[in-house]
Amino acid sequence: MADMNKDVLVIGAGGVASVTLHKMAMNRDLFPGRIAVASRTLSKCEAIAESVKARTGQVIETYQIDADDVGATVALIETVKPALLVNLALPYQDLALMEACLRTGVHYLDTANYEPPEEAKFEYSHQWKLHERFEKAGLMATLGVGFDPGVTSIFAAYVRKHYLSGIRLIDILDCNGGDHGHPFATNFNPEINIREVTAEVKHWENGGWVTSPAMSTMVEFDFDQVGPKNMYLMYHEELESLVTHFPEIERARFWMTFGDAYIQHVTVLQNVGMTGIEPVEYEGHQIIPLQFLKAVLPNPGDLGERTKGKTNIGDIITGPAKDGSGEKTYYINNICDHEECFREVGSQAVSYTTGVPAMIGAALMLDGTWSGAGVFNTEQLDPDRFMEMLNAHGLPWKITELSAPVDF
Ligand code: NDP
């Protein structure tokens, strides 16, 4: 995709989009063309544009769009004429935005897989079905370019390229050691977050999915620079793409840390029906409990100012060493400080660790480092330049050899 047009159109103006747009504006060498943002609420686009102007002196264009409306997005794309559309709205918009890209000949990138609004089911099938259409159109769609999914899969590809000849075991460990001072709040979109944590757990073992109830498997793990935390087995979308693209994987699991207060709140909310996604009748209105809950919870975008502490996210991977020296285990991870992120771009680390990879992925698609026709997940693409850019753009990582595979 190393053509002349370097213009980008970002859809969505939430916490993640704000980070990506600030980072794009700070790296004009990577984004020399127009930078535009369009979202449902124009004032949110304008607020980001003002902050970007104040911090970097760069101008970004703002537009209003309902991204569920394919015709409206096609018209917007015809006005902005971007080379690449970066979807940082919600997973519900993925298919409509991919359709608009196909109709207008524009490349596509997102950070979360499509989810039908009426069922909390995370799977790539909906987007993978579009592979042939993207391939025929000579367009590239790169899916899940956040931290997890995104960096965690690129970490796996990197270890597999340079250290191991295959992956036997992979555990993805997502720790947020941040404290925002609220009794209960989610670090990214509450609706998506709560749908994720209340979903049935699945992990991959010996060629099939093993299911267990939400939050039923807990392990304590001592995270570097954070300390011991309880982490819970969860289903997460990159498990599906990793076991598809690296079919040698025997076991793939995803773990996320939650404090006791978070678990208590989610349990109570679930028990009283507030996390439901079926509409209920209330005083003549149909309301979806989870969407109402989102409306009363703190806005994740406003947590930055008060969040202290660090995130520590990475993979522990076991497999045969490339040099034939037997089985080896590596831990590859990034540690990110909430307050440093806030100082740099005005957002907390959960938005930062998602928005920076989206910026890097967009840059690699624009300069042709990542190219191809079809629909791709990040582990299918060459990891090396992306890994260098993580170090250069605020998400440094380190890799350590462990003495044995994980024993939990
Ligand atoms: P927010 O809720 O903060 O932002 C979402 C934005 O999308 C809002 O500006 C919202 O508009 C806009 N939007 C929603 N519906 C539409 C629509 N129909 N048309 C136009 N705009 C719309 O979410 P986050 O920034 O926290 O998350 C953004 C994405 O990143 C999500 O898909 C999330 O799942 C993903 N994510 C991925 C992670 C990863 O590591 N891979 C981690 C964290 C998040 P409005 O303001 O009007 O509501």
# chains A, B, ... in the order shown; residues from 1 in each chain; ligands from 1

call {"tool": "closest_atom_pairs", "arguments": {"of": "chain A", "to": "ligand 1", "cutoff": "8 Å", "atoms": "only C-alpha atoms and all ligand atoms", "output": "tab-separated table"}}
result
residue	atom	partner	partner_atom_place_in_ligand_line	distance
A:Ile11	CA	ligand 1	21 (N)	6.3
A:Gly12	CA	ligand 1	7 (O)	3.8
A:Ala13	CA	ligand 1	9 (O)	3.5
A:Gly14	CA	ligand 1	4 (O)	3.2
A:Gly15	CA	ligand 1	25 (O)	3.8
A:Val16	CA	ligand 1	25 (O)	3.8
A:Ala17	CA	ligand 1	25 (O)	5.7
A:Ser18	CA	ligand 1	25 (O)	7.6
A:Ala38	CA	ligand 1	20 (C)	7.0
A:Ser39	CA	ligand 1	21 (N)	4.0
A:Arg40	CA	ligand 1	20 (C)	3.9
A:Thr41	CA	ligand 1	47 (O)	4.2
A:Leu42	CA	ligand 1	47 (O)	7.8
A:Lys44	CA	ligand 1	46 (O)	6.3
A:Cys45	CA	ligand 1	9 (O)	7.8
A:Gln64	CA	ligand 1	20 (C)	7.6
A:Ile65	CA	ligand 1	20 (C)	5.3
A:Asp66	CA	ligand 1	19 (N)	3.7
A:Ala67	CA	ligand 1	19 (N)	3.6
A:Asp68	CA	ligand 1	18 (N)	4.7
A:Asp69	CA	ligand 1	18 (N)	7.6
A:Asn87	CA	ligand 1	29 (C)	7.8
A:Leu88	CA	ligand 1	29 (C)	4.7
A:Ala89	CA	ligand 1	7 (O)	3.3
A:Leu90	CA	ligand 1	32 (O)	3.6
A:Pro91	CA	ligand 1	32 (O)	4.6
A:Tyr92	CA	ligand 1	15 (N)	7.5
A:Gln93	CA	ligand 1	18 (N)	6.2
A:Asp110	CA	ligand 1	32 (O)	7.6
A:Thr111	CA	ligand 1	41 (N)	4.5
A:Ala112	CA	ligand 1	32 (O)	4.9
A:Asn113	CA	ligand 1	32 (O)	7.6
A:Gly144	CA	ligand 1	41 (N)	5.5
A:Val145	CA	ligand 1	41 (N)	6.0
A:Gly146	CA	ligand 1	41 (N)	3.6
A:Phe147	CA	ligand 1	40 (O)	3.8
A:Asp148	CA	ligand 1	40 (O)	3.9
A:Pro149	CA	ligand 1	41 (N)	4.4
A:Gly150	CA	ligand 1	41 (N)	5.9
A:Val151	CA	ligand 1	40 (O)	8.0
A:Asn187	CA	ligand 1	26 (O)	7.4
A:Phe188	CA	ligand 1	26 (O)	3.9
A:Asn189	CA	ligand 1	2 (O)	4.3
A:Pro190	CA	ligand 1	2 (O)	7.6
A:Ile192	CA	ligand 1	34 (O)	6.0
A:Asn193	CA	ligand 1	34 (O)	7.6
A:Asn299	CA	ligand 1	3 (O)	7.6
A:Pro300	CA	ligand 1	3 (O)	6.5
A:Gly301	CA	ligand 1	3 (O)	6.0
A:Val350	CA	ligand 1	43 (C)	6.4
A:Ser351	CA	ligand 1	43 (C)	6.2
A:Thr353	CA	ligand 1	40 (O)	6.9
A:Thr354	CA	ligand 1	40 (O)	4.7
A:Gly355	CA	ligand 1	30 (O)	8.0

call {"tool": "select_by_dssp", "arguments": {"residues": "region 128-306 of chain A", "states": "strand (DSSP E or B)", "output": "PyMOL selection string"}}
result
chain A and resi 140-143+146+150+164+169-176+179+201-205+208-212+218-223+227-234+251-257+280-282+285-287

call {"tool": "closest_residue", "arguments": {"among": "A:Thr79, A:Ala252, A:Lys294, A:Ala349", "to": "Val210 (chain A)", "atoms": "only C-alpha atoms"}}
result
A:Ala252

call {"tool": "residues_around", "arguments": {"residues": "Met26 (chain A)", "least_positions_apart": "5", "cutoff": "10 Å", "atoms": "only C-alpha atoms", "output": "compact mmCIF listing (two decimals) with N, CA and C atoms, in the first residue's frame"}}
result
# COMPACT_ATOMS: atom_id res chain seq x y z
N THR A 20 -4.79 7.39 19.56
CA THR A 20 -4.29 7.16 18.20
C THR A 20 -4.12 8.48 17.46
N LEU A 21 -5.10 9.37 17.60
CA LEU A 21 -5.03 10.65 16.87
C LEU A 21 -3.90 11.53 17.40
N PHE A 31 2.68 9.95 9.15
CA PHE A 31 1.33 10.33 8.67
C PHE A 31 1.41 11.71 8.00
N VAL A 52 -5.34 17.92 20.40
CA VAL A 52 -4.22 17.62 19.47
C VAL A 52 -3.54 18.91 19.05
N ARG A 55 -1.52 20.31 21.99
CA ARG A 55 -0.32 19.55 22.35
C ARG A 55 0.71 19.48 21.24
N THR A 56 0.24 19.48 19.98
CA THR A 56 1.18 19.22 18.87
C THR A 56 1.21 20.33 17.81
N GLY A 57 0.23 21.22 17.84
CA GLY A 57 0.15 22.26 16.81
C GLY A 57 -0.43 21.74 15.50
N GLN A 58 -0.79 20.46 15.45
CA GLN A 58 -1.29 19.86 14.20
C GLN A 58 -2.81 19.98 14.11
N VAL A 345 -0.46 12.12 26.54
CA VAL A 345 -1.58 12.30 25.59
C VAL A 345 -2.93 12.55 26.27
N HIS A 393 7.78 4.17 20.34
CA HIS A 393 6.58 5.00 20.47
C HIS A 393 5.86 4.83 21.81

call {"tool": "closest_residue", "arguments": {"among": "A:Val8, A:Leu297, A:Leu164, A:Ala199", "to": "Glu119 (chain A)", "atoms": "only C-alpha atoms"}}
result
A:Ala199

call {"tool": "atom_distance", "arguments": {"atom1": "CA of Ile287 (chain A)", "atom2": "CA of Ala100 (chain A)"}}
result
29.4 Å

call {"tool": "atom_distance", "arguments": {"atom1": "CA of Ala362 (chain A)", "atom2": "CA of Ile60 (chain A)"}}
result
16.1 Å

call {"tool": "residues_around", "arguments": {"residues": "Pro383 (chain A)", "least_positions_apart": "4", "cutoff": "9 Å", "atoms": "only C-alpha atoms", "output": "number ranges by chain"}}
result
A: 154-155, 157-158, 161, 378-379, 387-388

call {"tool": "atom_distance", "arguments": {"atom1": "CA of Thr267 (chain A)", "atom2": "CA of Met231 (chain A)"}}
result
16.0 Å

call {"tool": "select_by_dssp", "arguments": {"residues": "region 275-378 of chain A", "states": "helix (DSSP H, G or I)", "output": "PyMOL selection string"}}
result
chain A and resi 289-296+300-302+304-306+338-345+349-366+378

call {"tool": "residues_around", "arguments": {"residues": "Pro279 (chain A)", "least_positions_apart": "2", "cutoff": "10 Å", "atoms": "only C-alpha atoms", "output": "list in words"}}
result
Glu118, Gly276, Ile277, Glu281, Tyr282, His285, Gln286, Ile287, Ile288, Pro289, Leu290 and Gln291 of chain A

call {"tool": "closest_residue", "arguments": {"among": "A:Val197, A:Ile313, A:Val375, A:Leu76", "to": "Lys136 (chain A)", "atoms": "only C-alpha atoms"}}
result
A:Val375

call {"tool": "closest_residue", "arguments": {"among": "A:Ile77, A:Thr104, A:Leu9, A:Asn27", "to": "Ala363 (chain A)", "atoms": "only C-alpha atoms"}}
result
A:Asn27

call {"tool": "residues_around", "arguments": {"residues": "Val59 (chain A)", "least_positions_apart": "3", "cutoff": "8 Å", "atoms": "only C-alpha atoms", "output": "list in words"}}
result
Ala25, Ile35, Ala49, Val52 and Lys53 of chain A
